[in-house]
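Novice: Structure file protein_35.tsv (TSV, C-alpha atoms) right here:
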chain	number	residue	atom	x	y	z
V	71	MET	CA	-61.97	139.91	195.34
V	72	THR	CA	-61.25	140.41	198.99
V	73	ARG	CA	-57.84	141.34	200.22
V	74	MET	CA	-57.34	137.88	201.78
V	75	ARG	CA	-58.17	136.14	198.49
V	76	LYS	CA	-55.70	138.38	196.65
V	77	VAL	CA	-52.97	137.55	199.15
V	78	LEU	CA	-53.73	133.83	198.86
V	79	ALA	CA	-53.77	134.02	195.05
V	80	TRP	CA	-50.41	135.80	194.94
V	81	THR	CA	-48.98	133.37	197.47
V	82	GLY	CA	-50.05	130.50	195.22
V	83	VAL	CA	-48.52	132.15	192.15
V	84	LEU	CA	-45.27	132.77	194.03
V	85	ALA	CA	-45.15	129.18	195.33
V	86	ALA	CA	-45.71	127.82	191.82
V	87	ALA	CA	-42.95	130.05	190.41
V	88	VAL	CA	-40.50	128.95	193.11
V	89	ALA	CA	-41.34	125.29	192.47
V	90	LEU	CA	-40.88	125.74	188.72
V	91	VAL	CA	-37.51	127.47	189.14
V	92	GLY	CA	-36.38	124.79	191.58
V	93	CYS	CA	-37.23	122.03	189.12
V	94	THR	CA	-35.70	123.84	186.17
V	95	ALA	CA	-32.43	124.75	187.84
V	96	SER	CA	-31.71	121.49	189.59
V	97	PRO	CA	-29.32	118.99	188.03
V	98	SER	CA	-30.83	115.97	186.33
V	99	ALA	CA	-31.94	113.15	188.57
V	100	ASP	CA	-29.94	110.77	186.34
V	101	ASP	CA	-26.47	111.03	187.83
V	102	SER	CA	-25.05	108.01	186.03
V	103	ALA	CA	-22.72	110.37	184.13
V	104	THR	CA	-20.77	110.92	187.34
V	105	SER	CA	-19.59	107.30	187.16
V	106	THR	CA	-19.65	106.53	183.43
V	107	ILE	CA	-17.70	109.61	182.34
V	108	PRO	CA	-14.68	108.99	184.61
V	109	GLU	CA	-14.49	105.34	183.56
V	110	ALA	CA	-14.72	106.21	179.86
V	111	VAL	CA	-12.16	109.03	180.07
V	112	GLU	CA	-9.64	106.85	181.90
V	113	SER	CA	-10.14	104.14	179.26
V	114	ALA	CA	-9.71	106.55	176.32
V	115	GLY	CA	-5.92	106.39	176.31
V	116	LEU	CA	-5.44	110.11	176.94
V	117	GLY	CA	-3.19	109.66	179.96
V	118	ILE	CA	-5.81	111.22	182.24
V	119	THR	CA	-6.22	109.58	185.65
V	120	ASP	CA	-8.11	110.29	188.87
V	121	VAL	CA	-11.00	111.46	186.71
V	122	TRP	CA	-14.13	112.79	188.36
V	123	ALA	CA	-17.44	114.17	187.12
V	124	ASP	CA	-20.03	116.16	188.98
V	125	THR	CA	-23.08	118.30	188.31
V	126	GLY	CA	-24.06	121.59	189.82
V	127	VAL	CA	-26.13	124.67	189.27
V	128	ASP	CA	-24.86	128.12	188.35
V	129	GLY	CA	-27.75	130.55	188.43
V	130	PHE	CA	-30.46	128.88	186.37
V	131	SER	CA	-28.08	126.63	184.39
V	132	THR	CA	-26.84	123.13	185.07
V	133	VAL	CA	-23.08	122.65	184.78
V	134	LEU	CA	-21.39	119.33	184.10
V	135	SER	CA	-17.88	119.48	185.58
V	136	VAL	CA	-15.21	116.97	184.60
V	137	GLY	CA	-11.64	116.91	185.80
V	138	GLY	CA	-8.60	114.77	186.28
V	139	THR	CA	-4.84	114.50	186.37
V	140	VAL	CA	-2.89	114.55	183.11
V	141	ASP	CA	0.44	112.74	182.92
V	142	ALA	CA	1.96	115.71	181.02
V	143	ALA	CA	2.28	119.44	181.65
V	144	GLU	CA	-0.14	120.25	178.82
V	145	ILE	CA	-2.82	118.73	176.65
V	146	ASP	CA	-3.14	119.46	172.93
V	147	SER	CA	-6.33	120.34	171.07
V	148	ALA	CA	-6.60	116.87	169.49
V	149	ASP	CA	-6.64	115.27	172.95
V	150	LEU	CA	-9.09	117.93	174.15
V	151	ARG	CA	-11.38	117.04	171.23
V	152	THR	CA	-11.17	113.36	172.21
V	153	LEU	CA	-11.84	114.19	175.87
V	154	ILE	CA	-14.87	116.29	174.95
V	155	SER	CA	-16.12	113.57	172.59
V	156	VAL	CA	-15.95	110.96	175.36
V	157	VAL	CA	-17.73	113.27	177.79
V	158	VAL	CA	-20.49	114.10	175.29
V	159	GLN	CA	-20.95	110.43	174.40
V	160	GLU	CA	-21.26	109.35	178.06
V	161	ASN	CA	-23.26	112.36	179.27
V	162	THR	CA	-26.77	111.76	180.64
V	163	VAL	CA	-27.19	115.21	182.21
V	164	ASP	CA	-29.23	117.96	180.60
V	165	ALA	CA	-26.52	120.56	181.18
V	166	ARG	CA	-26.05	123.94	179.54
V	167	TRP	CA	-22.31	124.12	180.36
V	168	LEU	CA	-19.32	121.80	180.36
V	169	GLU	CA	-16.48	122.76	182.68
V	170	LEU	CA	-13.13	120.99	182.32
V	171	SER	CA	-10.53	121.09	185.07
V	172	LEU	CA	-7.23	119.39	184.38
V	173	ARG	CA	-4.10	119.32	186.53
V	174	ASP	CA	-0.64	117.89	186.06
V	175	SER	CA	0.91	115.33	188.42
V	176	ALA	CA	2.19	118.18	190.64
V	177	GLU	CA	-1.43	119.40	191.04
V	178	LYS	CA	-0.76	122.50	188.93
V	179	ARG	CA	-3.75	123.62	186.84
V	180	ILE	CA	-3.28	123.06	183.11
V	181	ASP	CA	-4.41	126.00	181.00
V	182	ILE	CA	-6.75	124.62	178.34
V	183	ARG	CA	-8.27	127.88	177.12
V	184	ALA	CA	-6.09	128.15	173.98
V	185	GLY	CA	-6.84	124.55	173.01
V	186	LEU	CA	-10.57	125.04	173.48
V	187	GLU	CA	-10.46	128.23	171.41
V	188	GLU	CA	-8.48	126.40	168.72
V	189	LEU	CA	-11.39	123.96	168.56
V	190	GLY	CA	-13.73	126.90	168.00
V	191	ALA	CA	-15.29	127.05	171.46
V	192	ASP	CA	-16.38	130.26	173.13
V	193	VAL	CA	-14.57	129.83	176.46
V	194	VAL	CA	-15.92	131.26	179.70
V	195	ALA	CA	-13.76	131.55	182.84
V	196	ASP	CA	-10.81	129.77	181.15
V	197	LYS	CA	-12.38	126.31	181.28
V	198	ARG	CA	-16.13	126.40	180.64
V	199	ILE	CA	-17.82	125.96	177.28
V	200	SER	CA	-21.44	125.59	176.28
V	201	MET	CA	-22.75	122.08	175.71
V	202	ASP	CA	-23.66	123.24	172.19
V	203	ASP	CA	-19.96	123.92	171.56
V	204	ALA	CA	-19.03	120.61	173.19
V	205	GLU	CA	-21.44	118.68	170.97
V	206	ARG	CA	-20.17	120.48	167.86
V	207	ILE	CA	-16.55	119.76	168.80
V	208	ALA	CA	-17.40	116.12	169.53
V	209	GLY	CA	-18.97	115.89	166.10
V	210	GLY	CA	-15.70	117.02	164.53
V	211	GLY	CA	-16.75	120.52	163.49
V	212	ALA	CA	-14.74	123.66	164.14
V	213	SER	CA	-15.81	127.28	164.37
So, in terms of structure tokens, how does the structure I just supplied come out?
Specialist:
Amino acid sequence: MTRMRKVLAWTGVLAAAVALVGCTASPSADDSATSTIPEAVESAGLGITDVWADTGVDGFSTVLSVGGTVDAAEIDSADLRTLISVVVQENTVDARWLELSLRDSAEKRIDIRAGLEELGADVVADKRISMDDAERIAGGGAS
């Protein structure tokens, strides 16, 4: 094989790898979760308003982020379970992670790590859990 053919072959392999990574790491084309999740959460009777949902990429993993304002200074694990159940039920994104971001009416971040751990989730960065944990919690299982 000539040097030019080798260069062209490696260029093709590299281009294919980049295309594959780009397709794998990008959020799902179905972004209906970004509208259905907020509506469902606000209707769930949890006292969470101004709810938003978004998708993003962290490395090679898709992250579903959901947040809102809670009408109290904290949220208990039972309400967290309900929140996660609603999110899982309405989710249309093939995400590896679920990140929850809740604030009180004064815009102060509510620490949910202890509640997530109480539900048996392995918490990353104080507010991120795997979708496997989210689905297990939504199903009612613990640890």
Novice: Just want the 12 Å neighbourhood of V:Val136, counted on all atoms listed in the file, with same-chain residues fewer than 3 positions away dropped. Output as number ranges by chain.
Specialist: V: 103-112, 118-126, 133, 139, 153-154, 156-158, 160-161, 167-173, 197-199
Novice: Please provide the set of residues having any atom within 12 Å of V:Ala208, restricted to all atoms listed in the file, with same-chain residues fewer than 4 positions apart removed, written as a list in words.
Specialist: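 Here the answer would be Ser147, Ala148, Asp149, Leu150, Arg151, Thr152, Leu153, Ile154, Ser155, Val156, Val157, Val158, Gln159, Glu160, Asn161, Leu186, Leu189, Gly190, Ala191, Met201, Asp202, Asp203, Ala204 and Ala212 of chain V.
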Novice: Between V:Leu116, V:Ala165, V:Ile145, V:Val127, single out the one closest to V:Ala184, counting all atoms listed in the file.
Specialist: V:Ile145
Novice: In Å to one decimal, how far is atom CA of V:Gly209 from atom CA of V:Asp164?
Specialist: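 Separation of atom CA of V:Asp164 and atom CA of V:Gly209: 17.9 Å.
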Novice: So how many Å separate atom CA of V:Ser135 and atom CA of V:Ser200, to one decimal?
Specialist: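 Spanning atom CA of V:Ser135 to atom CA of V:Ser200 is a straight-line distance of 11.7 Å.
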Novice: Of the candidates V:Val140, V:Asp146, V:Gly115, V:Ile207, which shows the shortest atom-to-atom distance to V:Ile182, using all atoms listed in the file?
Specialist: V:Asp146
Novice: Starting from 8 Å padding per side, set up an axis-aligned box that covers all listed atoms of stretch 103-113 of chain V and hand over centre and edge lengths in Å, one decimal, as AutoDock Vina command-line options.
Specialist:
--center_x -16.2 --center_y 107.5 --center_z 183.3 --size_x 29.1 --size_y 22.8 --size_z 24.1
Novice: Quick one: pull the distance between atom CA of V:Arg206 and atom CA of V:Gly185, Å, one decimal.
Specialist: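 Atom-to-atom, atom CA of V:Arg206 and atom CA of V:Gly185 are spaced 14.9 Å apart.
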Novice: Which is closest to V:Arg179 among V:Gly117, V:Thr72, V:Gly137, V:Phe130, if we use only C-alpha atoms?
Specialist: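 Among the listed residues, the smallest separation from V:Arg179 belongs to V:Gly137.
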Novice: So which one's closest to V:Asp181, V:Arg166, V:Glu205, V:Glu144, V:Ala195? Using only C-alpha atoms, please.
Specialist: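 Residue with the minimum atom-to-atom distance to V:Asp181: V:Glu144.
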